[in-house]
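Visitor: structure.pdb (PDB, N, CA and C atoms) pasted underneath:
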ATOM      1  N   MET Z   1     -13.009 -15.361  48.681
ATOM      2  CA  MET Z   1     -12.114 -14.719  47.734
ATOM      3  C   MET Z   1     -12.522 -13.272  47.519
ATOM      4  N   SER Z   2     -11.555 -12.459  47.322
ATOM      5  CA  SER Z   2     -11.859 -11.054  47.106
ATOM      6  C   SER Z   2     -11.909 -10.768  45.608
ATOM      7  N   SER Z   3     -12.677  -9.739  45.246
ATOM      8  CA  SER Z   3     -12.806  -9.389  43.838
ATOM      9  C   SER Z   3     -11.766  -8.364  43.405
ATOM     10  N   VAL Z   4     -10.886  -7.982  44.285
ATOM     11  CA  VAL Z   4      -9.838  -7.023  43.962
ATOM     12  C   VAL Z   4      -8.676  -7.778  43.311
ATOM     13  N   PRO Z   5      -8.244  -7.332  42.117
ATOM     14  CA  PRO Z   5      -7.140  -8.033  41.458
ATOM     15  C   PRO Z   5      -5.828  -7.781  42.180
ATOM     16  N   ALA Z   6      -4.925  -8.689  41.980
ATOM     17  CA  ALA Z   6      -3.599  -8.556  42.576
ATOM     18  C   ALA Z   6      -2.865  -7.379  41.945
ATOM     19  N   ALA Z   7      -1.950  -6.819  42.675
ATOM     20  CA  ALA Z   7      -1.225  -5.639  42.193
ATOM     21  C   ALA Z   7      -0.438  -5.946  40.923
ATOM     22  N   GLY Z   8       0.139  -7.112  40.841
ATOM     23  CA  GLY Z   8       0.910  -7.489  39.657
ATOM     24  C   GLY Z   8       0.037  -7.590  38.414
ATOM     25  N   ALA Z   9      -1.175  -8.099  38.562
ATOM     26  CA  ALA Z   9      -2.083  -8.228  37.423
ATOM     27  C   ALA Z   9      -2.505  -6.861  36.919
ATOM     28  N   THR Z  10      -2.726  -5.925  37.826
ATOM     29  CA  THR Z  10      -3.106  -4.577  37.422
ATOM     30  C   THR Z  10      -1.981  -3.913  36.647
ATOM     31  N   ARG Z  11      -0.763  -4.040  37.139
ATOM     32  CA  ARG Z  11       0.379  -3.460  36.432
ATOM     33  C   ARG Z  11       0.553  -4.077  35.049
ATOM     34  N   ALA Z  12       0.330  -5.371  34.935
ATOM     35  CA  ALA Z  12       0.471  -6.037  33.636
ATOM     36  C   ALA Z  12      -0.566  -5.514  32.651
ATOM     37  N   ARG Z  13      -1.805  -5.299  33.135
ATOM     38  CA  ARG Z  13      -2.835  -4.769  32.249
ATOM     39  C   ARG Z  13      -2.518  -3.342  31.824
ATOM     40  N   VAL Z  14      -2.044  -2.525  32.736
ATOM     41  CA  VAL Z  14      -1.693  -1.152  32.407
ATOM     42  C   VAL Z  14      -0.543  -1.128  31.409
ATOM     43  N   ALA Z  15       0.450  -1.964  31.616
ATOM     44  CA  ALA Z  15       1.589  -2.007  30.699
ATOM     45  C   ALA Z  15       1.152  -2.457  29.312
ATOM     46  N   THR Z  16       0.255  -3.422  29.245
ATOM     47  CA  THR Z  16      -0.239  -3.889  27.953
ATOM     48  C   THR Z  16      -1.019  -2.792  27.253
ATOM     49  N   ARG Z  17      -1.838  -2.098  28.016
ATOM     50  CA  ARG Z  17      -2.638  -1.033  27.442
ATOM     51  C   ARG Z  17      -1.755   0.072  26.876
ATOM     52  N   SER Z  18      -0.740   0.460  27.598
ATOM     53  CA  SER Z  18       0.114   1.536  27.115
ATOM     54  C   SER Z  18       0.923   1.090  25.890
ATOM     55  N   ARG Z  19       1.295  -0.191  25.815
ATOM     56  CA  ARG Z  19       2.009  -0.667  24.629
ATOM     57  C   ARG Z  19       1.109  -0.641  23.403
ATOM     58  N   ARG Z  20      -0.150  -0.996  23.568
ATOM     59  CA  ARG Z  20      -1.063  -0.995  22.428
ATOM     60  C   ARG Z  20      -1.386   0.424  21.982
ATOM     61  N   GLY Z  21      -1.396   1.355  22.921
ATOM     62  CA  GLY Z  21      -1.788   2.718  22.602
ATOM     63  C   GLY Z  21      -0.758   3.487  21.790
ATOM     64  N   THR Z  22       0.510   3.192  21.965
ATOM     65  CA  THR Z  22       1.548   3.918  21.241
ATOM     66  C   THR Z  22       2.183   3.000  20.211
ATOM     67  N   PRO Z  23       2.014   3.328  18.919
ATOM     68  CA  PRO Z  23       2.607   2.477  17.892
ATOM     69  C   PRO Z  23       4.129   2.597  17.879
ATOM     70  N   THR Z  24       4.773   1.509  17.556
ATOM     71  CA  THR Z  24       6.230   1.486  17.482
ATOM     72  C   THR Z  24       6.684   2.192  16.205
ATOM     73  N   PRO Z  25       7.926   2.630  16.143
ATOM     74  CA  PRO Z  25       8.418   3.270  14.916
ATOM     75  C   PRO Z  25       8.325   2.355  13.695
ATOM     76  N   ALA Z  26       8.539   1.058  13.893
ATOM     77  CA  ALA Z  26       8.432   0.128  12.763
ATOM     78  C   ALA Z  26       6.995   0.068  12.251
ATOM     79  N   ARG Z  27       6.051   0.066  13.174
ATOM     80  CA  ARG Z  27       4.644   0.018  12.763
ATOM     81  C   ARG Z  27       4.234   1.320  12.083
ATOM     82  N   GLN Z  28       4.718   2.441  12.600
ATOM     83  CA  GLN Z  28       4.414   3.724  11.964
ATOM     84  C   GLN Z  28       4.993   3.777  10.554
ATOM     85  N   GLY Z  29       6.198   3.260  10.381
ATOM     86  CA  GLY Z  29       6.808   3.231   9.053
ATOM     87  C   GLY Z  29       6.033   2.355   8.092
ATOM     88  N   ARG Z  30       5.568   1.211   8.573
ATOM     89  CA  ARG Z  30       4.782   0.325   7.715
ATOM     90  C   ARG Z  30       3.445   0.958   7.351
ATOM     91  N   GLN Z  31       2.823   1.657   8.299
ATOM     92  CA  GLN Z  31       1.565   2.340   8.010
ATOM     93  C   GLN Z  31       1.766   3.458   6.992
ATOM     94  N   LEU Z  32       2.864   4.199   7.116
ATOM     95  CA  LEU Z  32       3.168   5.234   6.133
ATOM     96  C   LEU Z  32       3.392   4.618   4.761
ATOM     97  N   LEU Z  33       4.120   3.521   4.708
ATOM     98  CA  LEU Z  33       4.358   2.824   3.441
ATOM     99  C   LEU Z  33       3.054   2.315   2.848
ATOM    100  N   LEU Z  34       2.159   1.828   3.692
ATOM    101  CA  LEU Z  34       0.865   1.354   3.216
ATOM    102  C   LEU Z  34       0.051   2.497   2.627
ATOM    103  N   TRP Z  35       0.061   3.651   3.287
ATOM    104  CA  TRP Z  35      -0.661   4.811   2.751
ATOM    105  C   TRP Z  35      -0.062   5.273   1.430
ATOM    106  N   ILE Z  36       1.245   5.276   1.332
ATOM    107  CA  ILE Z  36       1.887   5.647   0.068
ATOM    108  C   ILE Z  36       1.467   4.684  -1.031
ATOM    109  N   HIS Z  37       1.426   3.400  -0.715
ATOM    110  CA  HIS Z  37       1.028   2.393  -1.704
ATOM    111  C   HIS Z  37      -0.425   2.587  -2.133
ATOM    112  N   ILE Z  38      -1.300   2.818  -1.185
ATOM    113  CA  ILE Z  38      -2.715   3.007  -1.517
ATOM    114  C   ILE Z  38      -2.907   4.254  -2.376
ATOM    115  N   LEU Z  39      -2.314   5.368  -1.961
ATOM    116  CA  LEU Z  39      -2.480   6.614  -2.717
ATOM    117  C   LEU Z  39      -1.887   6.521  -4.116
ATOM    118  N   SER Z  40      -0.726   5.913  -4.244
ATOM    119  CA  SER Z  40      -0.123   5.801  -5.573
ATOM    120  C   SER Z  40      -0.905   4.824  -6.455
ATOM    121  N   SER Z  41      -1.468   3.782  -5.871
ATOM    122  CA  SER Z  41      -2.271   2.839  -6.661
ATOM    123  C   SER Z  41      -3.566   3.474  -7.140
ATOM    124  N   VAL Z  42      -4.219   4.229  -6.269
ATOM    125  CA  VAL Z  42      -5.449   4.928  -6.670
ATOM    126  C   VAL Z  42      -5.130   5.973  -7.733
ATOM    127  N   SER Z  43      -4.027   6.673  -7.553
ATOM    128  CA  SER Z  43      -3.610   7.659  -8.541
ATOM    129  C   SER Z  43      -3.334   6.998  -9.895
ATOM    130  N   TRP Z  44      -2.658   5.879  -9.859
ATOM    131  CA  TRP Z  44      -2.332   5.161 -11.091
ATOM    132  C   TRP Z  44      -3.600   4.700 -11.812
ATOM    133  N   MET Z  45      -4.533   4.115 -11.081
ATOM    134  CA  MET Z  45      -5.758   3.622 -11.709
ATOM    135  C   MET Z  45      -6.636   4.765 -12.226
ATOM    136  N   SER Z  46      -6.694   5.877 -11.501
ATOM    137  CA  SER Z  46      -7.502   7.006 -11.978
ATOM    138  C   SER Z  46      -6.865   7.641 -13.214
ATOM    139  N   GLN Z  47      -5.549   7.657 -13.274
ATOM    140  CA  GLN Z  47      -4.888   8.182 -14.463
ATOM    141  C   GLN Z  47      -5.076   7.250 -15.657
ATOM    142  N   ALA Z  48      -5.121   5.967 -15.407
ATOM    143  CA  ALA Z  48      -5.404   5.018 -16.489
ATOM    144  C   ALA Z  48      -6.818   5.239 -17.022
ATOM    145  N   LEU Z  49      -7.753   5.523 -16.134
ATOM    146  CA  LEU Z  49      -9.110   5.839 -16.565
ATOM    147  C   LEU Z  49      -9.138   7.140 -17.358
ATOM    148  N   ALA Z  50      -8.368   8.126 -16.924
ATOM    149  CA  ALA Z  50      -8.286   9.388 -17.664
ATOM    150  C   ALA Z  50      -7.698   9.165 -19.053
ATOM    151  N   LEU Z  51      -6.705   8.291 -19.159
ATOM    152  CA  LEU Z  51      -6.153   7.951 -20.476
ATOM    153  C   LEU Z  51      -7.205   7.319 -21.373
ATOM    154  N   LEU Z  52      -7.996   6.436 -20.812
ATOM    155  CA  LEU Z  52      -9.056   5.794 -21.578
ATOM    156  C   LEU Z  52     -10.044   6.824 -22.108
ATOM    157  N   VAL Z  53     -10.420   7.766 -21.265
ATOM    158  CA  VAL Z  53     -11.360   8.818 -21.690
ATOM    159  C   VAL Z  53     -10.735   9.693 -22.762
ATOM    160  N   LEU Z  54      -9.500  10.095 -22.558
ATOM    161  CA  LEU Z  54      -8.835  10.957 -23.540
ATOM    162  C   LEU Z  54      -8.673  10.269 -24.891
ATOM    163  N   LEU Z  55      -8.319   8.991 -24.881
ATOM    164  CA  LEU Z  55      -8.100   8.287 -26.137
ATOM    165  C   LEU Z  55      -9.402   7.883 -26.821
ATOM    166  N   SER Z  56     -10.473   7.743 -26.049
ATOM    167  CA  SER Z  56     -11.752   7.361 -26.655
ATOM    168  C   SER Z  56     -12.414   8.527 -27.385
ATOM    169  N   ARG Z  57     -12.020   9.741 -27.081
ATOM    170  CA  ARG Z  57     -12.589  10.904 -27.747
ATOM    171  C   ARG Z  57     -12.094  11.039 -29.172
ATOM    172  N   GLY Z  58     -10.940  10.524 -29.439
ATOM    173  CA  GLY Z  58     -10.364  10.656 -30.777
ATOM    174  C   GLY Z  58      -9.775  12.042 -30.960
ATOM    175  N   GLY Z  59      -9.165  12.258 -32.077
ATOM    176  CA  GLY Z  59      -8.555  13.559 -32.348
ATOM    177  C   GLY Z  59      -7.148  13.647 -31.813
ATOM    178  N   THR Z  60      -6.457  14.668 -32.290
ATOM    179  CA  THR Z  60      -5.063  14.812 -31.903
ATOM    180  C   THR Z  60      -4.898  15.448 -30.527
ATOM    181  N   GLU Z  61      -5.865  16.283 -30.103
ATOM    182  CA  GLU Z  61      -5.728  16.932 -28.797
ATOM    183  C   GLU Z  61      -5.742  15.901 -27.674
ATOM    184  N   GLY Z  62      -6.661  14.948 -27.763
ATOM    185  CA  GLY Z  62      -6.750  13.907 -26.746
ATOM    186  C   GLY Z  62      -5.522  13.021 -26.739
ATOM    187  N   ALA Z  63      -4.989  12.722 -27.916
ATOM    188  CA  ALA Z  63      -3.798  11.873 -28.009
ATOM    189  C   ALA Z  63      -2.577  12.576 -27.434
ATOM    190  N   VAL Z  64      -2.464  13.865 -27.690
ATOM    191  CA  VAL Z  64      -1.329  14.620 -27.152
ATOM    192  C   VAL Z  64      -1.434  14.700 -25.628
ATOM    193  N   ALA Z  65      -2.627  14.997 -25.122
ATOM    194  CA  ALA Z  65      -2.829  15.076 -23.668
ATOM    195  C   ALA Z  65      -2.579  13.716 -23.019
ATOM    196  N   ALA Z  66      -3.020  12.645 -23.668
ATOM    197  CA  ALA Z  66      -2.806  11.299 -23.139
ATOM    198  C   ALA Z  66      -1.318  10.967 -23.106
ATOM    199  N   HIS Z  67      -0.594  11.371 -24.135
ATOM    200  CA  HIS Z  67       0.848  11.104 -24.170
ATOM    201  C   HIS Z  67       1.566  11.847 -23.044
ATOM    202  N   VAL Z  68       1.206  13.104 -22.829
ATOM    203  CA  VAL Z  68       1.834  13.889 -21.761
ATOM    204  C   VAL Z  68       1.516  13.271 -20.403
ATOM    205  N   LEU Z  69       0.254  12.897 -20.190
ATOM    206  CA  LEU Z  69      -0.148  12.278 -18.927
ATOM    207  C   LEU Z  69       0.581  10.950 -18.721
ATOM    208  N   ASP Z  70       0.712  10.187 -19.783
ATOM    209  CA  ASP Z  70       1.351   8.875 -19.685
ATOM    210  C   ASP Z  70       2.836   8.987 -19.384
ATOM    211  N   THR Z  71       3.514   9.897 -20.022
ATOM    212  CA  THR Z  71       4.967   9.965 -19.867
ATOM    213  C   THR Z  71       5.417  10.763 -18.647
ATOM    214  N   THR Z  72       4.538  11.516 -18.027
ATOM    215  CA  THR Z  72       4.955  12.312 -16.872
ATOM    216  C   THR Z  72       4.387  11.760 -15.568
ATOM    217  N   VAL Z  73       3.097  11.840 -15.410
ATOM    218  CA  VAL Z  73       2.480  11.540 -14.121
ATOM    219  C   VAL Z  73       2.235  10.045 -13.928
ATOM    220  N   LEU Z  74       1.734   9.373 -14.929
ATOM    221  CA  LEU Z  74       1.379   7.966 -14.788
ATOM    222  C   LEU Z  74       2.593   7.089 -14.523
ATOM    223  N   VAL Z  75       3.694   7.386 -15.142
ATOM    224  CA  VAL Z  75       4.911   6.598 -14.946
ATOM    225  C   VAL Z  75       5.383   6.692 -13.493
ATOM    226  N   ILE Z  76       5.325   7.890 -12.937
ATOM    227  CA  ILE Z  76       5.768   8.081 -11.559
ATOM    228  C   ILE Z  76       4.869   7.326 -10.591
ATOM    229  N   SER Z  77       3.554   7.470 -10.739
ATOM    230  CA  SER Z  77       2.651   6.790  -9.802
ATOM    231  C   SER Z  77       2.723   5.273  -9.957
ATOM    232  N   ALA Z  78       2.924   4.780 -11.160
ATOM    233  CA  ALA Z  78       3.052   3.335 -11.355
ATOM    234  C   ALA Z  78       4.321   2.808 -10.700
ATOM    235  N   ASN Z  79       5.413   3.531 -10.844
ATOM    236  CA  ASN Z  79       6.667   3.085 -10.230
ATOM    237  C   ASN Z  79       6.617   3.158  -8.705
ATOM    238  N   VAL Z  80       6.012   4.209  -8.165
ATOM    239  CA  VAL Z  80       5.881   4.326  -6.712
ATOM    240  C   VAL Z  80       4.991   3.201  -6.181
ATOM    241  N   SER Z  81       3.928   2.902  -6.899
ATOM    242  CA  SER Z  81       3.041   1.809  -6.491
ATOM    243  C   SER Z  81       3.767   0.469  -6.517
ATOM    244  N   ALA Z  82       4.541   0.236  -7.545
ATOM    245  CA  ALA Z  82       5.269  -1.035  -7.649
ATOM    246  C   ALA Z  82       6.320  -1.169  -6.557
ATOM    247  N   MET Z  83       7.073  -0.122  -6.323
ATOM    248  CA  MET Z  83       8.133  -0.201  -5.316
ATOM    249  C   MET Z  83       7.566  -0.278  -3.901
ATOM    250  N   SER Z  84       6.512   0.471  -3.625
ATOM    251  CA  SER Z  84       5.927   0.397  -2.284
ATOM    252  C   SER Z  84       5.274  -0.969  -2.063
ATOM    253  N   GLY Z  85       4.677  -1.544  -3.084
ATOM    254  CA  GLY Z  85       4.126  -2.892  -2.966
ATOM    255  C   GLY Z  85       5.214  -3.921  -2.730
ATOM    256  N   PHE Z  86       6.331  -3.755  -3.404
ATOM    257  CA  PHE Z  86       7.472  -4.647  -3.213
ATOM    258  C   PHE Z  86       8.004  -4.545  -1.788
ATOM    259  N   LEU Z  87       8.129  -3.316  -1.274
ATOM    260  CA  LEU Z  87       8.602  -3.119   0.091
ATOM    261  C   LEU Z  87       7.597  -3.645   1.110
ATOM    262  N   LEU Z  88       6.308  -3.464   0.849
ATOM    263  CA  LEU Z  88       5.291  -4.007   1.758
ATOM    264  C   LEU Z  88       5.363  -5.529   1.809
ATOM    265  N   SER Z  89       5.582  -6.145   0.665
ATOM    266  CA  SER Z  89       5.696  -7.603   0.644
ATOM    267  C   SER Z  89       6.897  -8.077   1.440
ATOM    268  N   SER Z  90       7.937  -7.293   1.443
ATOM    269  CA  SER Z  90       9.130  -7.703   2.185
ATOM    270  C   SER Z  90       8.963  -7.551   3.692
ATOM    271  N   THR Z  91       7.963  -6.788   4.131
ATOM    272  CA  THR Z  91       7.756  -6.596   5.573
ATOM    273  C   THR Z  91       6.751  -7.570   6.164
ATOM    274  N   THR Z  92       6.171  -8.426   5.355
ATOM    275  CA  THR Z  92       5.185  -9.368   5.872
ATOM    276  C   THR Z  92       5.820 -10.742   6.070
ATOM    277  N   PRO Z  93       5.241 -11.537   6.947
ATOM    278  CA  PRO Z  93       5.768 -12.895   7.119
ATOM    279  C   PRO Z  93       5.452 -13.804   5.924
ATOM    280  N   TRP Z  94       4.563 -13.365   5.035
ATOM    281  CA  TRP Z  94       4.172 -14.205   3.902
ATOM    282  C   TRP Z  94       5.129 -14.077   2.737
ATOM    283  N   GLY Z  95       5.934 -13.010   2.724
ATOM    284  CA  GLY Z  95       6.917 -12.859   1.666
ATOM    285  C   GLY Z  95       6.310 -12.389   0.364
ATOM    286  N   PHE Z  96       6.972 -12.739  -0.724
ATOM    287  CA  PHE Z  96       6.587 -12.220  -2.025
ATOM    288  C   PHE Z  96       5.634 -13.135  -2.787
ATOM    289  N   PHE Z  97       5.805 -14.413  -2.710
ATOM    290  CA  PHE Z  97       5.083 -15.295  -3.620
ATOM    291  C   PHE Z  97       4.335 -16.427  -2.935
ATOM    292  N   LEU Z  98       3.996 -16.261  -1.661
ATOM    293  CA  LEU Z  98       3.237 -17.302  -0.984
ATOM    294  C   LEU Z  98       1.814 -17.374  -1.544
ATOM    295  N   HIS Z  99       1.211 -16.230  -1.760
ATOM    296  CA  HIS Z  99      -0.139 -16.179  -2.323
ATOM    297  C   HIS Z  99      -0.049 -15.860  -3.814
ATOM    298  N   ARG Z 100      -0.852 -16.547  -4.583
ATOM    299  CA  ARG Z 100      -0.803 -16.388  -6.031
ATOM    300  C   ARG Z 100      -1.177 -14.976  -6.477
ATOM    301  N   TRP Z 101      -2.135 -14.337  -5.774
ATOM    302  CA  TRP Z 101      -2.577 -13.018  -6.195
ATOM    303  C   TRP Z 101      -1.463 -11.982  -6.070
ATOM    304  N   VAL Z 102      -0.537 -12.158  -5.123
ATOM    305  CA  VAL Z 102       0.577 -11.227  -4.998
ATOM    306  C   VAL Z 102       1.494 -11.368  -6.209
ATOM    307  N   LEU Z 103       1.748 -12.591  -6.622
ATOM    308  CA  LEU Z 103       2.570 -12.839  -7.808
ATOM    309  C   LEU Z 103       1.901 -12.272  -9.055
ATOM    310  N   VAL Z 104       0.582 -12.458  -9.190
ATOM    311  CA  VAL Z 104      -0.144 -11.954 -10.361
ATOM    312  C   VAL Z 104      -0.081 -10.434 -10.401
ATOM    313  N   LYS Z 105      -0.317  -9.780  -9.251
ATOM    314  CA  LYS Z 105      -0.231  -8.317  -9.199
ATOM    315  C   LYS Z 105       1.166  -7.845  -9.551
ATOM    316  N   PHE Z 106       2.172  -8.528  -9.056
ATOM    317  CA  PHE Z 106       3.543  -8.150  -9.339
ATOM    318  C   PHE Z 106       3.836  -8.257 -10.836
ATOM    319  N   LEU Z 107       3.402  -9.349 -11.462
ATOM    320  CA  LEU Z 107       3.649  -9.527 -12.898
ATOM    321  C   LEU Z 107       2.885  -8.517 -13.739
ATOM    322  N   ILE Z 108       1.655  -8.200 -13.353
ATOM    323  CA  ILE Z 108       0.882  -7.191 -14.083
ATOM    324  C   ILE Z 108       1.554  -5.831 -13.972
ATOM    325  N   THR Z 109       2.016  -5.506 -12.785
ATOM    326  CA  THR Z 109       2.670  -4.209 -12.572
ATOM    327  C   THR Z 109       3.952  -4.103 -13.373
ATOM    328  N   VAL Z 110       4.745  -5.146 -13.382
ATOM    329  CA  VAL Z 110       5.998  -5.111 -14.136
ATOM    330  C   VAL Z 110       5.721  -5.038 -15.631
ATOM    331  N   ALA Z 111       4.703  -5.738 -16.097
ATOM    332  CA  ALA Z 111       4.360  -5.702 -17.516
ATOM    333  C   ALA Z 111       3.868  -4.329 -17.915
TER     334      ALA Z 111
END
Could the structure of this file be written out as structure tokens, please?
Guide:
Amino acid sequence: MSSVPAAGATRARVATRSRRGTPTPARQGRQLLLWIHILSSVSWMSQALALLVLLSRGGTEGAVAAHVLDTTVLVISANVSAMSGFLLSSTTPWGFFLHRWVLVKFLITVA
């Protein structure tokens, strides 16, 4: 037997390699959506921490700054995080409520 692979096997490997190397538009869209979800979630949690710091200081300046942060920036990042998470759930084979933690996260976000 020879150790040289058949021509068809070589072409199949090359074709597989090139398919793996270039992401499909659907995969690129899902990756972009995932990045949007991650960035908006991190933004939301860091702003919640900033609210905690501002409100723990006491005084009217911290309360006013916390109110402005809450009504402008935090609302936007929370909504973007919720909607991108909802869209990500719709793109998976597991759906929305197969795993309990997805349902819990969804309910916490809506609340």
Visitor: Starting from the displayed file, determine the output of the PyMOL selection byres (((chain Z and resi 89 and name CA) around 12) and name CA) and express the residue list as a list in words.
Guide: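 Those residues are Arg30, Leu33, Leu34, His37, Ala82, Met83, Ser84, Gly85, Phe86, Leu87, Leu88, Ser90, Thr91, Thr92, Pro93, Trp94, Gly95, Phe96, Phe97, Leu98, His99, Val102, Leu103, Lys105 and Phe106 of chain Z.
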Visitor: What does the distance from atom CA of Leu54 of chain Z to atom CA of Val75 of chain Z come to in Å, to one decimal?
Guide: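 One can read the atom CA of Leu54 of chain Z to atom CA of Val75 of chain Z distance as 16.8 Å.
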Visitor: Need to verify the contact set: Ser43 of chain Z, 8 Å, all atoms listed in the file, exclusion of same-chain residues closer than 3 positions in sequence. Can you return it as a VMD selection string?
Guide: chain Z and resid 37 to 40 46 to 49 73 to 74 77 to 78
Visitor: Is it possible to get the axis-aligned box enclosing segment 55-73 of chain Z (all listed atoms, 5 Å extra per side) as AutoDock Vina command-line options, with centre and edge lengths in Å rounded to one decimal?
Guide:
--center_x -3.6 --center_y 12.1 --center_z -23.1 --size_x 28.0 --size_y 19.6 --size_z 28.4
Visitor: Could you tell me, as number ranges by chain, which residues of segment 64-108 of chain Z DSSP assigns to helix (DSSP H, G or I) when given the backbone?
Guide: Z: 64-90, 100-108
Visitor: Just so the selection is clear, what residues does the PyMOL selection byres (((chain Z and resi 51 and name CA) around 9) and name CA) cover here, as a PyMOL selection string?
Guide: chain Z and resi 46-50+52-56+62-63+65-67+69-70
Visitor: Interatomic distance between atom C of Ile76 of chain Z and atom CA of Met45 of chain Z?
Guide: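 The value is 11.3 Å.
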